[in-house]
Amino acid sequence: MEDLFANQYPAANSKNLYADIILPVPIPKWFTYSVGLDIQDQIGIGYRVMVQFGKKKILTGIVAKVHQKAPDVYQAKPILDLLDDFPVVNALQIKFWSWMSSYYCCHIGEVMNAALPSGLKLSTESKVQVHPDFDFDNPGFPMDDREILLLETLSKHDEMNVEQFDQLLPGKTSHKIIKSLLGKGAILVYESVREKFSPKTEQRVRLTSKYIGKEGLLESLFEDLKGKEKQEAVLLKYLQQVSVFQKPEANAKGLEKKVLTDHGCSPSSIDTLVKKGVMESFKVLVSRFEVPPVSDHGIELSPVQQEALQQIHRQFEEKNTLLLQGITGSGKTEIYAQLIKDVLQSGSQVLLLLPEIALTTHLVHRLQKIFGDKMGVFHSKYSDNERVEVWQGVLKGKYNFIIGVRSSLFLPFDSLGLVIVDEEHESSYKQFDPAPRFQARDAAIMLSWMHQAKTLLGTATPSFESYYNAQNGKYGYVKIDKRYGNAELPHFFLADILQDKKKNLLKLDFTRLLREKIQATLNRQEQVLIFQNRRGYAPYISCDECGWIPECEHCDVSLTYHQYQDELRCHYCGFKEKVPVSCHACGSQKITTVGTGTERIEESLSLLFPEARIARMDLDTTRSKYGYQRILEDFSAGNVDILVGTQMITKGLDFDKVSLVGIVDADRILFYPDFRAGERAFQQITQVAGRAGRRDKTGDVIIQTRRPDQLIFRQIIAGNYNDFYRLEMAERKQFFYPPFVKNIKIITKHKDFKTAETAAKFLKNLLMDIAAKKIILGPEKSLIGKIKNLYLFEIWIKLDRSGNVQQFFKQQLMDRIAELQADKRFRAVRFLVDVDPY
């Protein structure tokens, strides 16, 4: 395989042309390849190419640079093939990838791997064929029945996929037989390279051109078809659907074949007319997306919204980034729509970022009514082909406005005018694994700067970093403190869990106040949202006798009980097992659930309110492509009375009939080992409370807690963000936390505990020598010390934000990690760098 393509192109040519290629592998540098004579006139920056990497791999690369300088330390291999007639990536994207790899301490190949949809990458699949020298009559070795069957089948085909033999041989033994025949020299196995993306096509039919505009000829045709009723029916149905007499040009588009068959026409009769030359069959490319008709003729803004819009325009004259703080229900979406409309009319592109797929289904319908087919949607639940179609739509100018999640930052924009980051405070904007571990809000600001565009950050509860920048004049700032129309902010009530428990009023984790409010809401035929930020039935199960708790075999965590699947599941590695009938430690059968997840709340509600229609929205119920959409459509249509959910239900959803929001366990959000716990609790409770009473009725919010005396609850109820911000920021400044310092977390991972720990200690010592103002904490065993059989140790760095300290330190950090990885003791250790960890 090493020299398989060696002579396909000359290593050098008359121009000595070379290309630096970005490859989707974690290597620090670009690789240089020679450009063959036959593609020198076509190749350029942003084109996809097929190259050989190492001895066996065939990879899709992106051309980053074309030049005439040969590499100094290795012989440049030739580019195997140019895959496109036009670049699929532009120079600004490559610049953005380079910035991201530098800022987030990863390799540009890792950024490319995340950026390009899988459908734009080549894949290889194993093919099998009979060896040219193999003599079936005189094989020279004994063969069993399965080998004979495989060879006989293979002799009837030029080649076959390995997977096809699994269907041929029982018990999936094909790999063993293939290995045996390969060793005997009877077959050849090789990798076939193929494109993953395939455009969607539609089979159509039309009258052949000789019948168009010639009524006499058509009449003769009907005479010829007398007695052939099925063929005559096809022709009549076609002429009813396509007005070839009034509009002869309509025949060019033809008619979808399915339309005829759906109206009872026989497929064989259609094929017969095609064979006779009466009709012709052809394929057309069609979109995978249905676009509803544009129905909104304009965007109506209230006086408050108009004033906010004018302020935004004024601020954008001086600032490139602006924070829009609008309380929940203030109508930020209408302001976004007007801004988007203005930018599109100027000829520029717009990107609207959302933190969750759940929000796309809700907002898409609202915005599609305004922008129609100018708008594209991009998120991870789309198939590879659908994502490539959106990518190409942006590339060809079909979509000038994209609404999507964080991955939509990587689309091939060439003239962005505006980027809107809705719910900018959301932790969902942070990519945790794999690299690049980027923060989409921050990356969006950089992308805007590269395009000389404007960035609007919208939220009711700003992140402290954004609010800090707004207060210090780095960002513009506009505030809306009135709800849209006549809507009022909801009324808050604190329900003391401990007091109800003492008085024996707590039933199935619900206080008397919350139960009464739910019943009253159901009686009024209004809807209820119940929030609990933990999925599953219960966090864990435990033995009442000895306290034994089942744990994951691969991670240092207890297994979560999922009642519907009757299993225990690890939410970190996916390990699952059946629920034990007895304790593995003492043998007792007294095993009970501990804690409350969304499944358990759903069950409790069905017992307390048997007449209510209840649905659950969490990761388990929304795994399918349209899982979110189905649940939200049912809720919006009034087919669900109570919706139980995790943080998905806190984000931007707008329903007319929701008049009650219940937060089952506010303490779980607040008392969490993280310096952002207070900030997140304020944001999540405020956001989910904002779903209540969004029209002319005032909603209610019930917060269940064991600590109703906590100051943060009074601040949330009063909507006093400023006081809360000032208190928290004073603590952060005192103890050196963001936004006053830059946080970097480094994790070492290895299957051996001691090796992971030693690597972390060595790295810390190397980092201490870097001449930069910093605080280094650790190494310490991670909060969850083992995940997927790998032990984890953490180093935390608090880095000074001034000058070029960050850029210098990050480069030194990557050099030190490379130094350690060159040490054979730490070659198998994984070093994960997380800049701005959440």
# chains A, B, ... in the order shown; residues from 1 in each chain; ligands from 1

call {"tool": "residues_around", "arguments": {"residues": "A:Phe531", "least_positions_apart": "4", "cutoff": "6 Å", "atoms": "only C-alpha atoms", "output": "PDB file with all heavy atoms, in the first residue's frame"}}
result
ATOM      1  N   GLY A 645     -39.435  18.432  32.907  1.00  0.00           N
ATOM      2  CA  GLY A 645     -38.217  18.488  32.103  1.00  0.00           C
ATOM      3  C   GLY A 645     -36.995  18.924  32.864  1.00  0.00           C
ATOM      4  O   GLY A 645     -37.065  19.428  33.989  1.00  0.00           O
ATOM      5  N   THR A 646     -35.859  18.704  32.223  1.00  0.00           N
ATOM      6  CA  THR A 646     -34.568  19.186  32.733  1.00  0.00           C
ATOM      7  C   THR A 646     -34.370  20.608  32.213  1.00  0.00           C
ATOM      8  O   THR A 646     -35.330  21.268  31.814  1.00  0.00           O
ATOM      9  CB  THR A 646     -33.442  18.257  32.258  1.00  0.00           C
ATOM     10  OG1 THR A 646     -33.489  18.166  30.820  1.00  0.00           O
ATOM     11  CG2 THR A 646     -33.600  16.861  32.842  1.00  0.00           C
ATOM     12  N   ILE A 663     -40.459  24.357  40.625  1.00  0.00           N
ATOM     13  CA  ILE A 663     -39.050  23.934  40.691  1.00  0.00           C
ATOM     14  C   ILE A 663     -38.944  22.968  41.864  1.00  0.00           C
ATOM     15  O   ILE A 663     -39.080  23.364  43.026  1.00  0.00           O
ATOM     16  CB  ILE A 663     -38.117  25.146  40.858  1.00  0.00           C
ATOM     17  CG1 ILE A 663     -38.260  26.058  39.630  1.00  0.00           C
ATOM     18  CG2 ILE A 663     -36.678  24.694  41.026  1.00  0.00           C
ATOM     19  CD1 ILE A 663     -37.766  27.453  39.833  1.00  0.00           C
TER      20      ILE A 663
END

call {"tool": "select_by_dssp", "arguments": {"residues": "stretch 302-472 of chain A", "states": "alpha helix (DSSP H)", "output": "count of residues only"}}
result
75

call {"tool": "residues_around", "arguments": {"residues": "A:Asn720", "least_positions_apart": "5", "cutoff": "12 Å", "atoms": "only C-alpha atoms", "output": "PyMOL selection string"}}
result
chain A and resi 327+460-461+481+682-683+686+711-715+725-727

call {"tool": "write_last_selection", "arguments": {"atoms": "C-alpha atoms", "output": "compact mmCIF listing (two decimals), in the first residue's frame"}}
result
# COMPACT_ATOMS: atom_id res chain seq x y z
CA ILE A 327 -36.37 40.31 30.93
CA ALA A 460 -32.53 38.00 30.50
CA THR A 461 -29.75 36.86 32.85
CA ASP A 481 -37.33 45.84 31.71
CA PHE A 682 -29.94 32.62 39.46
CA GLN A 683 -30.01 32.11 35.68
CA THR A 686 -35.12 33.06 36.53
CA LEU A 711 -30.30 35.55 50.14
CA ILE A 712 -30.22 34.45 46.48
CA PHE A 713 -33.92 33.47 46.59
CA ARG A 714 -34.89 36.98 47.70
CA GLN A 715 -32.76 38.45 44.90
CA TYR A 725 -23.82 40.48 40.57
CA ARG A 726 -22.01 42.91 42.89
CA LEU A 727 -21.85 40.42 45.80

call {"tool": "residues_around", "arguments": {"residues": "stretch 137-142 of chain A", "least_positions_apart": "2", "cutoff": "8 Å", "atoms": "only C-alpha atoms", "output": "mmCIF file with N, CA and C atoms, in the first residue's frame"}}
result
data_model
loop_
_atom_site.group_PDB
_atom_site.id
_atom_site.type_symbol
_atom_site.label_atom_id
_atom_site.label_comp_id
_atom_site.auth_asym_id
_atom_site.auth_seq_id
_atom_site.Cartn_x
_atom_site.Cartn_y
_atom_site.Cartn_z
ATOM 1 N N PHE A 134 -5.862 -17.090 -9.087
ATOM 2 C CA PHE A 134 -6.487 -18.241 -8.437
ATOM 3 C C PHE A 134 -7.206 -19.114 -9.474
ATOM 4 N N ASP A 135 -6.937 -20.419 -9.419
ATOM 5 C CA ASP A 135 -7.561 -21.392 -10.317
ATOM 6 C C ASP A 135 -8.618 -22.158 -9.517
ATOM 7 N N ASP A 144 -13.400 -25.919 2.682
ATOM 8 C CA ASP A 144 -14.653 -26.399 3.261
ATOM 9 C C ASP A 144 -15.835 -25.776 2.516
ATOM 10 N N LYS A 184 -4.509 -18.061 1.992
ATOM 11 C CA LYS A 184 -4.259 -19.084 0.966
ATOM 12 C C LYS A 184 -4.034 -18.478 -0.418
ATOM 13 N N ALA A 186 -6.289 -16.896 -2.286
ATOM 14 C CA ALA A 186 -7.431 -17.072 -3.190
ATOM 15 C C ALA A 186 -8.165 -15.769 -3.480
#

call {"tool": "closest_residue", "arguments": {"among": "A:Leu456, A:Ile445, A:Ala818, A:Leu239", "to": "A:Leu324", "atoms": "only C-alpha atoms"}}
result
A:Leu456

call {"tool": "residues_around", "arguments": {"residues": "stretch 26-38 of chain A", "least_positions_apart": "2", "cutoff": "6 Å", "atoms": "only C-alpha atoms", "output": "list in words"}}
result
Tyr9, Leu17, Tyr18, Ala19, Asp20, Ile21, Ile22, Gln40, Ala76, Lys77, Pro78, Ile79, His107, Gly109 and Glu110 of chain A

call {"tool": "write_last_selection", "arguments": {"atoms": "N, CA and C atoms", "output": "compact mmCIF listing (two decimals), in the first residue's frame"}}
result
# COMPACT_ATOMS: atom_id res chain seq x y z
N TYR A 9 1.43 10.42 -9.93
CA TYR A 9 1.84 11.76 -10.35
C TYR A 9 3.34 11.86 -10.13
N LEU A 17 5.11 22.78 -8.07
CA LEU A 17 4.02 23.32 -7.27
C LEU A 17 3.69 22.38 -6.11
N TYR A 18 3.51 22.98 -4.96
CA TYR A 18 3.20 22.21 -3.74
C TYR A 18 1.99 22.83 -3.04
N ALA A 19 1.35 22.03 -2.21
CA ALA A 19 0.20 22.52 -1.44
C ALA A 19 0.33 22.09 0.02
N ASP A 20 0.10 23.02 0.93
CA ASP A 20 0.01 22.69 2.36
C ASP A 20 -1.42 22.27 2.65
N ILE A 21 -1.57 21.09 3.23
CA ILE A 21 -2.89 20.49 3.42
C ILE A 21 -3.22 20.38 4.91
N ILE A 22 -4.43 20.83 5.28
CA ILE A 22 -4.93 20.61 6.64
C ILE A 22 -5.59 19.24 6.65
N GLN A 40 -2.90 21.42 -11.64
CA GLN A 40 -2.25 22.66 -11.22
C GLN A 40 -3.08 23.90 -11.55
N ALA A 76 7.81 14.98 -0.53
CA ALA A 76 6.38 15.28 -0.64
C ALA A 76 5.69 14.20 -1.48
N LYS A 77 4.65 13.62 -0.90
CA LYS A 77 3.83 12.66 -1.65
C LYS A 77 2.89 13.44 -2.57
N PRO A 78 2.45 12.81 -3.64
CA PRO A 78 1.54 13.53 -4.56
C PRO A 78 0.10 13.57 -4.02
N ILE A 79 -0.61 14.62 -4.37
CA ILE A 79 -2.06 14.67 -4.13
C ILE A 79 -2.70 13.63 -5.04
N HIS A 107 -5.03 21.29 17.97
CA HIS A 107 -4.44 21.27 16.64
C HIS A 107 -5.48 21.67 15.59
N GLY A 109 -6.08 20.45 12.79
CA GLY A 109 -6.76 19.27 12.24
C GLY A 109 -7.96 18.87 13.08
N GLU A 110 -7.88 19.07 14.40
CA GLU A 110 -9.02 18.77 15.27
C GLU A 110 -10.15 19.76 15.02

call {"tool": "closest_residue", "arguments": {"among": "A:Leu354, A:Val63, A:Ala772, A:Val189", "to": "A:Val805", "atoms": "only C-alpha atoms"}}
result
A:Ala772

call {"tool": "residues_around", "arguments": {"residues": "stretch 490-493 of chain A", "least_positions_apart": "5", "cutoff": "6 Å", "atoms": "only C-alpha atoms", "output": "PyMOL selection string"}}
result
chain A and resi 698-702

call {"tool": "write_last_selection", "arguments": {"atoms": "C-alpha atoms", "output": "compact mmCIF listing (two decimals), in the first residue's frame"}}
result
# COMPACT_ATOMS: atom_id res chain seq x y z
CA THR A 698 -50.02 36.57 35.67
CA GLY A 699 -48.26 33.26 36.31
CA ASP A 700 -47.08 31.63 39.53
CA VAL A 701 -43.68 30.12 40.33
CA ILE A 702 -43.21 27.71 43.25
